[in-house]
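Next comes protein28.txt, a file with compact mmCIF, C-alpha atoms.
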```txt
# COMPACT_ATOMS: atom_id res chain seq x y z
CA MET Q 65 -31.61 0.03 171.67
CA ALA Q 66 -31.71 3.81 171.65
CA THR Q 67 -34.80 5.45 170.18
CA THR Q 68 -34.60 7.90 167.28
CA GLU Q 69 -35.28 10.75 169.70
CA GLU Q 70 -32.42 9.61 171.97
CA ARG Q 71 -30.00 9.29 169.05
CA LEU Q 72 -31.02 12.70 167.71
CA ARG Q 73 -30.73 14.27 171.17
CA LYS Q 74 -27.17 12.96 171.49
CA LEU Q 75 -26.24 14.47 168.12
CA VAL Q 76 -27.77 17.79 169.21
CA ASP Q 77 -25.92 17.65 172.56
CA ASP Q 78 -22.64 16.85 170.86
CA ASN Q 79 -22.85 19.35 168.03
CA LEU Q 80 -25.21 22.26 168.66
CA ASP Q 81 -25.43 25.13 171.15
CA ILE Q 82 -29.06 26.15 171.50
CA GLU Q 83 -30.10 29.24 173.43
CA GLY Q 84 -31.67 28.28 176.76
CA ARG Q 85 -31.18 24.52 176.36
CA ALA Q 86 -28.82 22.49 178.55
CA ALA Q 87 -27.23 19.31 177.21
CA GLY Q 88 -29.31 16.22 177.98
CA GLU Q 89 -32.65 18.02 178.17
CA PRO Q 90 -35.45 16.36 176.22
CA LEU Q 91 -36.01 17.70 172.72
CA HIS Q 92 -39.44 19.27 172.40
CA MET Q 93 -41.23 17.78 169.43
CA ASP Q 94 -42.45 21.20 168.26
CA TYR Q 95 -39.00 22.70 168.52
CA SER Q 96 -37.47 24.13 165.33
CA LEU Q 97 -33.70 23.73 165.14
CA ARG Q 98 -33.37 26.20 162.25
CA GLU Q 99 -35.21 28.92 164.15
CA SER Q 100 -33.45 28.41 167.47
CA GLY Q 101 -30.44 30.56 166.69
CA VAL Q 102 -28.23 27.73 165.41
CA SER Q 103 -25.72 29.23 162.98
CA SER Q 104 -25.82 28.25 159.31
CA VAL Q 105 -22.48 26.47 159.42
CA ASP Q 106 -23.50 24.43 162.47
CA PHE Q 107 -26.82 23.61 160.82
CA VAL Q 108 -25.25 22.45 157.54
CA ALA Q 109 -22.70 20.29 159.36
CA PHE Q 110 -25.43 18.93 161.65
CA ALA Q 111 -27.54 17.89 158.64
CA LYS Q 112 -24.58 15.93 157.27
CA ILE Q 113 -23.91 14.30 160.64
CA VAL Q 114 -27.60 13.30 160.99
CA ALA Q 115 -27.58 11.88 157.45
CA ASP Q 116 -24.46 9.81 158.25
CA GLU Q 117 -25.81 8.60 161.62
CA PHE Q 118 -29.16 7.46 160.24
CA GLY Q 119 -27.95 6.33 156.83
CA VAL Q 120 -30.30 8.64 154.97
CA THR Q 121 -29.63 11.01 152.11
CA PHE Q 122 -30.83 14.53 152.49
CA ASN Q 123 -29.12 17.87 152.12
CA PRO Q 124 -29.39 20.71 154.65
CA GLU Q 125 -32.14 22.36 152.60
CA ASP Q 126 -34.20 19.18 152.98
CA CYS Q 127 -33.42 19.14 156.69
CA ALA Q 128 -34.72 22.71 157.00
CA LYS Q 129 -38.03 21.65 155.45
CA TYR Q 130 -38.73 19.50 158.49
CA ASN Q 131 -39.78 22.44 160.59
CA THR Q 132 -39.79 20.74 163.95
CA VAL Q 133 -37.87 18.04 165.75
CA GLY Q 134 -41.00 15.89 165.60
CA GLU Q 135 -41.19 16.18 161.80
CA LEU Q 136 -37.49 15.39 161.50
CA ILE Q 137 -37.88 12.27 163.65
CA THR Q 138 -40.87 11.18 161.54
CA ARG Q 139 -38.71 11.54 158.42
CA LEU Q 140 -35.83 9.58 159.95
CA GLU Q 141 -38.16 6.76 161.01
CA SER Q 142 -39.92 6.51 157.64
CA MET T 1317 -14.62 48.70 147.76
CA LYS T 1318 -15.62 52.01 149.33
CA THR T 1319 -16.53 52.62 152.96
CA VAL T 1320 -19.61 54.76 153.53
CA SER T 1321 -19.72 56.87 156.65
CA SER T 1322 -22.89 58.95 156.49
CA ASN T 1323 -26.36 57.61 157.16
CA SER T 1324 -28.33 58.46 154.04
CA VAL T 1325 -30.38 55.29 153.62
CA CYS T 1326 -33.56 56.62 155.12
CA LYS T 1327 -34.40 59.76 157.06
CA ASP T 1328 -37.76 60.26 158.71
CA SER T 1329 -39.19 61.20 162.06
CA THR T 1330 -37.89 57.98 163.63
CA SER T 1331 -34.28 58.48 162.46
CA ARG T 1332 -33.04 58.62 166.06
CA LEU T 1333 -34.12 54.99 166.33
CA HIS T 1334 -32.36 53.80 163.20
CA TRP T 1335 -30.35 50.67 163.76
CA TRP T 1336 -28.94 50.36 160.24
CA SER T 1337 -26.46 52.46 158.28
CA PRO T 1338 -24.59 52.36 154.97
CA PHE T 1339 -21.42 50.31 155.32
CA LEU T 1340 -19.73 49.39 152.03
CA VAL T 1341 -20.12 49.94 148.30
CA PHE T 1342 -18.92 47.51 145.62
CA GLY T 1343 -19.67 49.10 142.25
CA LYS T 1344 -23.47 49.20 141.98
CA ILE T 1345 -23.97 47.07 145.09
CA THR T 1346 -24.48 48.74 148.46
CA VAL T 1347 -24.12 46.94 151.77
CA ALA T 1348 -25.80 48.24 154.93
CA LYS T 1349 -24.82 47.25 158.45
CA VAL T 1350 -27.59 46.44 160.96
CA ASP T 1351 -27.16 46.73 164.74
CA LEU T 1352 -29.02 43.82 166.34
CA SER T 1353 -28.18 44.54 169.97
CA ALA T 1354 -31.05 44.49 172.47
CA ASN T 1355 -33.00 47.75 172.43
CA ALA T 1356 -36.66 47.67 173.43
CA ALA T 1357 -37.55 50.94 171.68
CA ARG T 1358 -36.07 49.81 168.38
CA GLU T 1359 -37.70 46.40 168.61
CA LYS T 1360 -41.10 47.98 169.22
CA VAL T 1361 -40.75 50.24 166.18
CA ALA T 1362 -39.41 47.37 164.05
CA ALA T 1363 -42.21 44.98 165.00
CA GLY T 1364 -44.73 47.61 163.94
CA TRP T 1365 -43.31 47.64 160.41
CA LEU T 1366 -43.84 43.90 159.86
CA GLU T 1367 -46.92 42.44 158.22
CA GLU T 1368 -49.07 39.77 159.83
CA SER T 1369 -47.42 36.84 158.03
CA GLU T 1370 -44.01 37.95 159.31
CA ARG T 1371 -45.27 38.31 162.87
CA SER T 1372 -46.84 34.84 162.67
CA ARG T 1373 -43.58 33.37 161.40
CA ILE T 1374 -41.64 34.39 164.52
CA LYS T 1375 -44.14 33.23 167.14
CA GLY T 1376 -42.14 30.06 167.77
CA TYR T 1377 -38.73 31.74 167.72
CA LEU T 1378 -36.56 32.01 170.81
CA PRO T 1379 -36.05 35.62 172.05
CA GLU T 1380 -32.68 36.30 170.43
CA PRO T 1381 -33.46 34.85 166.99
CA ARG T 1382 -36.78 36.71 167.12
CA ARG T 1383 -35.04 40.02 167.83
CA HIS T 1384 -32.55 39.40 165.03
CA PHE T 1385 -35.28 38.62 162.52
CA VAL T 1386 -37.48 41.59 163.51
CA LEU T 1387 -34.66 44.16 163.40
CA CYS T 1388 -33.19 42.78 160.16
CA ARG T 1389 -36.53 42.45 158.34
CA ALA T 1390 -37.66 45.94 159.40
CA ALA T 1391 -34.34 47.44 158.26
CA LEU T 1392 -34.70 45.58 154.95
CA ARG T 1393 -38.21 46.99 154.56
CA ALA T 1394 -36.98 50.54 155.17
CA ILE T 1395 -34.08 50.16 152.73
CA LEU T 1396 -36.28 48.64 150.01
CA CYS T 1397 -38.97 51.32 150.43
CA GLN T 1398 -36.29 53.98 150.06
CA GLU T 1399 -34.79 52.29 146.98
CA LEU T 1400 -38.09 51.50 145.27
CA GLY T 1401 -39.98 54.62 146.33
CA CYS T 1402 -42.86 52.61 147.72
CA HIS T 1403 -44.88 52.53 150.93
CA ASN T 1404 -44.17 49.87 153.52
CA GLY T 1405 -47.77 48.69 153.33
CA ASP T 1406 -47.34 47.92 149.61
CA LEU T 1407 -44.18 45.86 150.19
CA SER T 1408 -44.32 42.12 150.71
CA PHE T 1409 -42.02 39.15 150.12
CA GLY T 1410 -42.24 36.00 148.08
CA GLU T 1411 -39.93 32.98 148.13
CA GLY T 1412 -38.20 31.21 145.26
CA GLU T 1413 -37.99 27.45 144.82
CA TYR T 1414 -35.17 27.16 147.36
CA GLY T 1415 -36.54 29.68 149.82
CA LYS T 1416 -34.67 32.74 148.58
CA PRO T 1417 -36.88 35.77 149.26
CA PHE T 1418 -37.75 38.40 146.67
CA ALA T 1419 -39.57 41.72 146.96
CA LEU T 1420 -43.09 42.43 145.74
CA VAL T 1421 -44.61 45.90 145.45
CA ALA T 1422 -48.39 45.90 145.27
CA GLY T 1423 -48.14 42.19 144.47
CA GLN T 1424 -45.76 42.62 141.52
CA ALA T 1425 -42.14 41.42 141.55
CA ALA T 1426 -39.85 44.43 142.05
CA SER T 1427 -36.68 44.95 139.99
CA VAL T 1428 -34.27 44.75 142.87
CA SER T 1429 -31.90 42.13 144.24
CA PHE T 1430 -31.06 41.80 147.90
CA SER T 1431 -29.48 39.42 150.36
CA VAL T 1432 -29.51 39.44 154.16
CA SER T 1433 -27.27 37.78 156.73
CA HIS T 1434 -26.85 38.16 160.46
CA SER T 1435 -24.60 36.76 163.16
CA GLY T 1436 -24.00 37.85 166.73
CA ARG T 1437 -25.08 41.45 167.16
CA TYR T 1438 -24.74 42.49 163.53
CA GLY T 1439 -26.51 41.99 160.25
CA LEU T 1440 -25.66 42.90 156.67
CA ILE T 1441 -28.08 43.78 153.86
CA ALA T 1442 -26.69 43.82 150.30
CA LEU T 1443 -28.75 45.53 147.60
CA ALA T 1444 -28.53 46.13 143.84
CA ARG T 1445 -31.09 47.03 141.18
CA SER T 1446 -30.29 43.93 139.12
CA GLY T 1447 -28.23 40.76 139.03
CA ARG T 1448 -27.94 37.87 141.43
CA LEU T 1449 -26.05 38.49 144.68
CA GLY T 1450 -25.52 36.91 148.07
CA VAL T 1451 -23.99 38.10 151.33
CA ASP T 1452 -22.93 36.19 154.42
CA LEU T 1453 -21.70 37.30 157.83
CA GLU T 1454 -20.40 35.09 160.64
CA GLN T 1455 -19.01 35.91 164.04
CA ALA T 1456 -15.78 33.93 164.26
CA VAL T 1457 -16.52 32.24 167.58
CA ALA T 1458 -14.59 29.17 168.76
CA LYS T 1459 -16.16 25.88 167.66
CA ARG T 1460 -16.27 22.75 169.80
CA HIS T 1461 -15.73 20.49 166.81
CA LEU T 1462 -13.97 22.64 164.25
CA ASN T 1463 -12.36 19.67 162.51
CA THR T 1464 -15.77 17.98 162.16
CA LEU T 1465 -17.13 21.15 160.55
CA ILE T 1466 -14.13 21.33 158.23
CA GLU T 1467 -14.69 17.73 157.13
CA ALA T 1468 -18.38 18.42 156.52
CA VAL T 1469 -18.24 21.62 154.47
CA MET T 1470 -14.80 22.04 152.88
CA GLY T 1471 -13.31 20.68 149.66
CA PRO T 1472 -10.12 18.57 149.55
CA ASP T 1473 -7.62 21.41 149.00
CA GLU T 1474 -9.38 23.54 151.59
CA ARG T 1475 -9.24 20.69 154.14
CA ARG T 1476 -5.55 20.11 153.45
CA GLU T 1477 -4.66 23.81 153.75
CA LEU T 1478 -6.68 24.24 156.95
CA GLY T 1479 -5.06 21.11 158.39
CA GLU T 1480 -1.63 22.73 158.03
CA MET T 1481 -2.60 25.87 159.98
CA MET T 1482 -2.17 26.75 163.65
CA GLU T 1483 -5.47 26.63 165.58
CA GLU T 1484 -6.03 30.41 165.74
CA ASP T 1485 -5.30 30.90 162.05
CA LYS T 1486 -7.39 27.85 161.22
CA LEU T 1487 -10.51 29.28 162.90
CA ARG T 1488 -10.14 32.63 161.15
CA GLN T 1489 -9.56 31.01 157.76
CA PHE T 1490 -12.42 28.59 158.29
CA PHE T 1491 -14.87 31.49 158.69
CA ARG T 1492 -13.37 33.35 155.70
CA LEU T 1493 -13.95 30.32 153.50
CA TRP T 1494 -17.34 29.47 154.97
CA THR T 1495 -18.74 32.99 154.39
CA CYS T 1496 -17.49 32.85 150.79
CA LYS T 1497 -19.25 29.53 150.23
CA GLU T 1498 -22.50 30.65 151.79
CA ALA T 1499 -22.46 33.96 149.88
CA LEU T 1500 -22.00 32.00 146.64
CA VAL T 1501 -24.87 29.54 147.19
CA LYS T 1502 -27.11 32.42 148.27
CA ALA T 1503 -26.21 34.38 145.14
CA PHE T 1504 -26.78 31.32 142.95
CA GLY T 1505 -30.17 30.98 144.61
CA THR T 1506 -30.09 27.30 145.54
CA GLY T 1507 -28.96 27.76 149.14
CA PHE T 1508 -27.83 24.62 150.88
CA SER T 1509 -29.40 22.29 148.36
CA THR T 1510 -25.99 22.81 146.77
CA ASP T 1511 -23.37 20.78 148.63
CA VAL T 1512 -20.86 23.39 149.79
CA SER T 1513 -18.11 20.77 150.00
CA SER T 1514 -18.49 20.12 146.25
CA PHE T 1515 -16.75 23.36 145.28
CA GLN T 1516 -13.78 25.35 146.55
CA VAL T 1517 -13.19 29.03 147.18
CA PRO T 1518 -10.80 30.53 144.57
CA GLU T 1519 -7.14 30.06 145.41
CA SER T 1520 -6.54 33.83 145.43
CA VAL T 1521 -8.96 34.18 148.38
CA ARG T 1522 -7.71 31.02 150.09
CA GLN T 1523 -4.21 32.52 150.00
CA GLY T 1524 -5.43 35.64 151.82
CA GLY T 1525 -6.61 37.89 149.00
CA ALA T 1526 -9.76 39.94 149.40
CA SER T 1527 -11.32 39.13 146.04
CA GLY T 1528 -11.52 36.48 143.39
CA VAL T 1529 -13.48 35.16 140.44
CA PHE T 1530 -15.44 31.94 140.85
CA ARG T 1531 -17.23 29.37 138.70
CA PHE T 1532 -19.22 26.41 140.00
CA PRO T 1533 -17.63 23.21 138.64
CA HIS T 1534 -20.92 22.10 137.09
CA LEU T 1535 -21.70 25.56 135.60
CA PRO T 1536 -18.46 26.86 134.08
CA ASP T 1537 -20.24 29.40 131.87
CA LEU T 1538 -21.48 31.44 134.85
CA THR T 1539 -18.92 33.71 136.51
CA TRP T 1540 -19.19 35.19 139.98
CA ARG T 1541 -17.22 37.89 141.74
CA LEU T 1542 -16.30 37.25 145.34
CA GLU T 1543 -15.24 39.82 147.94
CA ALA T 1544 -14.16 38.73 151.42
CA PHE T 1545 -13.87 41.19 154.27
CA GLU T 1546 -13.28 40.99 158.01
CA ALA T 1547 -13.74 43.25 161.04
CA ALA T 1548 -13.45 42.83 164.80
CA GLY T 1549 -14.01 39.10 165.10
CA PHE T 1550 -16.38 38.83 162.15
CA ALA T 1551 -15.89 37.41 158.68
CA ALA T 1552 -18.11 38.35 155.75
CA ALA T 1553 -18.32 37.83 152.02
CA LEU T 1554 -20.29 39.20 149.10
CA ALA T 1555 -20.78 37.32 145.82
CA TRP T 1556 -22.43 38.53 142.66
CA GLU T 1557 -22.86 37.30 139.12
CA LEU T 1558 -20.70 38.93 136.46
CA PRO T 1559 -21.92 39.61 132.93
CA PRO T 1560 -19.89 37.53 130.43
CA THR T 1561 -17.83 40.55 129.34
CA ASP T 1562 -16.64 41.20 132.91
CA SER T 1563 -15.22 37.72 133.39
CA ASP T 1564 -11.50 37.59 133.97
CA PRO T 1565 -10.05 34.55 132.21
CA THR T 1566 -6.80 34.79 134.20
CA ASP T 1567 -8.42 34.01 137.55
CA SER T 1568 -10.24 30.71 137.23
CA ALA T 1569 -12.00 28.90 140.03
CA ASP T 1570 -10.94 25.53 141.37
```

Starting from the file, give its structure as structure tokens.
Amino acid sequence: MATTEERLRKLVDDNLDIEGRAAGEPLHMDYSLRESGVSSVDFVAFAKIVADEFGVTFNPEDCAKYNTVGELITRLES
Amino acid sequence: MKTVSSNSVCKDSTSRLHWWSPFLVFGKITVAKVDLSANAAREKVAAGWLEESERSRIKGYLPEPRRHFVLCRAALRAILCQELGCHNGDLSFGEGEYGKPFALVAGQAASVSFSVSHSGRYGLIALARSGRLGVDLEQAVAKRHLNTLIEAVMGPDERRELGEMMEEDKLRQFFRLWTCKEALVKAFGTGFSTDVSSFQVPESVRQGGASGVFRFPHLPDLTWRLEAFEAAGFAAALAWELPPTDSDPTDSAD
């Protein structure tokens, strides 16, 4: 069974273009998606896709509060 | 809407390095355009205008987002100092409940409203002495999963209308509508805690018009003016709250 990090990485690969990151690369746990140059529309749609994939309810503003990938994974696993 | 051609925002000994200029005027609201292209001299000057908390904030940013933030924030500082007649060292920023920034002069909230957006190599800064406002700018670049984005952020009529468009028109219209939505939630002050698919851009704007009047479905007593504009592969929108007497009952929101 895929880990949370693997599932999140696939969603990032499929939906986001991040400066300097090639698809499939590991996600750094201290990496901030909101501050990586992802556009607002991509970020809002990504938050909805993550919520659907993990069966959680949070809006994009909540998603932005989890400053790093590590914090987001912690939230998704809680 | 008026176009402004002369640079009168701020003139000082570093004017040759200015990367912002007046762009548009909507009544009492001015909109400045910010050039975010790579320029080491500008970035050095801009970084020097930031306070320690702002420099700390960008330590983890990638190079391009860092440049965009530094150039936009420094331009905002210059514009606010000019408007408020204050020194840069006395200017700081606070954040509202949903992260919307506001200006402080010597620690006191300043009577000014502003909104900042950037995309690609440009930024926009909207400014007024009072009233809530929001601006958004997006470079209309091709999207890998445009239909997924449409499903995520558009309302039912918007999805249907976009679904009937040719691909090129669809992308352009998508960014027109998106910038309107983001400008509205920024003006309202709640940002993306408001579900942007829960409301629709006024039909007049969806049908190609440049302006419209909007009301959030859950707040029908508040009226907002919306102006959409486009240039060279970019879409942008400005939204601001209208006093009750300025509301136009003939142009209701969806």

- Task: Around the point (-27.9, 29.3, 134.9) in the file's coordinates, collect all residues with an atom within 12 Å, using only C-alpha atoms, and return them as a PyMOL selection string.
- Result: chain T and resi 1448+1503-1506+1531-1532+1534-1540+1557

Filtering to C-alpha atoms, could you give me those residues as a short mmCIF file (atom, residue, chain, number, x, y, z; two decimals), keeping the file's coordinate frame?
```cif
data_model
loop_
_atom_site.label_atom_id
_atom_site.label_comp_id
_atom_site.auth_asym_id
_atom_site.auth_seq_id
_atom_site.Cartn_x
_atom_site.Cartn_y
_atom_site.Cartn_z
CA ARG T 1448 -27.94 37.87 141.43
CA ALA T 1503 -26.21 34.38 145.14
CA PHE T 1504 -26.78 31.32 142.95
CA GLY T 1505 -30.17 30.98 144.61
CA THR T 1506 -30.09 27.30 145.54
CA ARG T 1531 -17.23 29.37 138.70
CA PHE T 1532 -19.22 26.41 140.00
CA HIS T 1534 -20.92 22.10 137.09
CA LEU T 1535 -21.70 25.56 135.60
CA PRO T 1536 -18.46 26.86 134.08
CA ASP T 1537 -20.24 29.40 131.87
CA LEU T 1538 -21.48 31.44 134.85
CA THR T 1539 -18.92 33.71 136.51
CA TRP T 1540 -19.19 35.19 139.98
CA GLU T 1557 -22.86 37.30 139.12
#
```

- Which residues, written as a list in words, have at least one atom at most 12 Å from Arg1488 (chain T), with all atoms listed in the file counted and residues fewer than 3 positions away on the same chain left out? Glu1454, Gln1455, Ala1456, Val1457, Ala1458, Lys1459, Leu1462, Leu1478, Met1481, Met1482, Glu1483, Glu1484, Asp1485, Phe1491, Arg1492, Leu1493, Trp1494, Thr1495, Arg1522, Gly1524, Phe1545, Glu1546, Ala1547, Ala1548, Gly1549, Phe1550, Ala1551 and Ala1552 of chain T

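Counting only C-alpha atoms and comparing T:Arg1460, T:Arg1389, T:Lys1502, T:His1403, the residue that lies closest to Arg1373 (chain T) is T:Arg1389.
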
Could you list, as an mmCIF file with C-alpha atoms, in the frame of the given file, every residue of chain T that has an atom within 7 Å of an atom of chain Q, counting all atoms listed in the file?
```cif
data_model
loop_
_atom_site.group_PDB
_atom_site.id
_atom_site.type_symbol
_atom_site.label_atom_id
_atom_site.label_comp_id
_atom_site.auth_asym_id
_atom_site.auth_seq_id
_atom_site.Cartn_x
_atom_site.Cartn_y
_atom_site.Cartn_z
ATOM 1 C CA TYR T 1377 -38.730 31.740 167.720
ATOM 2 C CA LEU T 1378 -36.560 32.010 170.810
ATOM 3 C CA PRO T 1381 -33.460 34.850 166.990
ATOM 4 C CA LEU T 1465 -17.130 21.150 160.550
ATOM 5 C CA ALA T 1468 -18.380 18.420 156.520
ATOM 6 C CA VAL T 1469 -18.240 21.620 154.470
ATOM 7 C CA PHE T 1508 -27.830 24.620 150.880
ATOM 8 C CA SER T 1509 -29.400 22.290 148.360
#
```

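The environment of Glu70 (chain Q) within 12 Å, counting all atoms listed in the file and disregarding residues fewer than 6 places along the same chain, consists of Val76, Asp77, Gly88, Glu89, Pro90, Leu91, His92, Val133 and Ile137 of chain Q.
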
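For the pair CA of Asp116 (chain Q) and CA of Arg1476 (chain T), the interatomic distance is 22.1 Å.
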
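One finds CA of Arg1541 (chain T) at 16.3 Å from CA of Gln1523 (chain T).
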
With C-alpha atoms retained, output region 1426-1493 of chain T as a CSV table (one decimal), in the first residue's frame.
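And here's result_16.csv as it stands now:
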```csv
chain,number,residue,atom,x,y,z
T,1426,ALA,CA,-3.0,53.3,8.5
T,1427,SER,CA,-6.1,54.5,6.7
T,1428,VAL,CA,-5.3,52.9,3.4
T,1429,SER,CA,-6.5,49.8,1.5
T,1430,PHE,CA,-4.2,47.9,-0.9
T,1431,SER,CA,-4.0,44.6,-2.7
T,1432,VAL,CA,-1.1,42.9,-4.5
T,1433,SER,CA,-1.0,40.2,-7.1
T,1434,HIS,CA,1.8,38.9,-9.3
T,1435,SER,CA,2.1,36.3,-12.1
T,1436,GLY,CA,4.9,35.7,-14.6
T,1437,ARG,CA,7.0,38.8,-14.9
T,1438,TYR,CA,4.4,41.3,-13.8
T,1439,GLY,CA,2.7,42.4,-10.6
T,1440,LEU,CA,-0.1,44.7,-9.9
T,1441,ILE,CA,-0.7,46.9,-6.8
T,1442,ALA,CA,-4.1,48.4,-6.2
T,1443,LEU,CA,-4.5,51.2,-3.7
T,1444,ALA,CA,-7.3,53.4,-2.3
T,1445,ARG,CA,-7.6,55.5,0.9
T,1446,SER,CA,-10.6,53.6,2.1
T,1447,GLY,CA,-12.9,50.7,1.3
T,1448,ARG,CA,-12.2,47.0,0.7
T,1449,LEU,CA,-10.6,46.0,-2.6
T,1450,GLY,CA,-8.8,43.1,-4.2
T,1451,VAL,CA,-6.8,42.7,-7.4
T,1452,ASP,CA,-5.6,39.6,-9.2
T,1453,LEU,CA,-3.3,39.0,-12.1
T,1454,GLU,CA,-2.7,35.7,-13.9
T,1455,GLN,CA,-0.6,34.9,-16.9
T,1456,ALA,CA,-2.8,32.8,-19.2
T,1457,VAL,CA,-0.5,29.9,-19.7
T,1458,ALA,CA,-1.7,26.5,-21.0
T,1459,LYS,CA,-2.8,24.1,-18.2
T,1460,ARG,CA,-2.2,20.4,-18.3
T,1461,HIS,CA,-5.5,19.7,-16.7
T,1462,LEU,CA,-7.7,22.6,-17.5
T,1463,ASN,CA,-10.9,20.6,-17.2
T,1464,THR,CA,-9.9,19.4,-13.7
T,1465,LEU,CA,-9.3,23.1,-12.7
T,1466,ILE,CA,-12.6,24.1,-14.1
T,1467,GLU,CA,-14.4,21.4,-12.1
T,1468,ALA,CA,-12.6,22.4,-9.0
T,1469,VAL,CA,-13.1,26.2,-9.0
T,1470,MET,CA,-16.1,27.1,-11.2
T,1471,GLY,CA,-19.8,27.2,-10.6
T,1472,PRO,CA,-22.4,25.2,-12.6
T,1473,ASP,CA,-23.2,27.9,-15.2
T,1474,GLU,CA,-19.6,28.7,-15.6
T,1475,ARG,CA,-18.7,25.0,-16.1
T,1476,ARG,CA,-21.4,24.6,-18.7
T,1477,GLU,CA,-20.4,27.8,-20.6
T,1478,LEU,CA,-16.7,26.9,-20.6
T,1479,GLY,CA,-17.6,23.3,-21.7
T,1480,GLU,CA,-19.2,24.8,-24.9
T,1481,MET,CA,-16.1,26.8,-25.9
T,1482,MET,CA,-13.2,25.9,-28.2
T,1483,GLU,CA,-10.0,25.2,-26.4
T,1484,GLU,CA,-8.3,28.5,-27.0
T,1485,ASP,CA,-11.3,30.5,-26.0
T,1486,LYS,CA,-11.8,28.3,-23.0
T,1487,LEU,CA,-8.4,29.0,-21.6
T,1488,ARG,CA,-8.8,32.7,-22.0
T,1489,GLN,CA,-12.2,32.7,-20.5
T,1490,PHE,CA,-11.1,30.5,-17.6
T,1491,PHE,CA,-8.4,33.0,-16.6
T,1492,ARG,CA,-10.9,35.9,-17.0
T,1493,LEU,CA,-13.3,34.2,-14.6
```
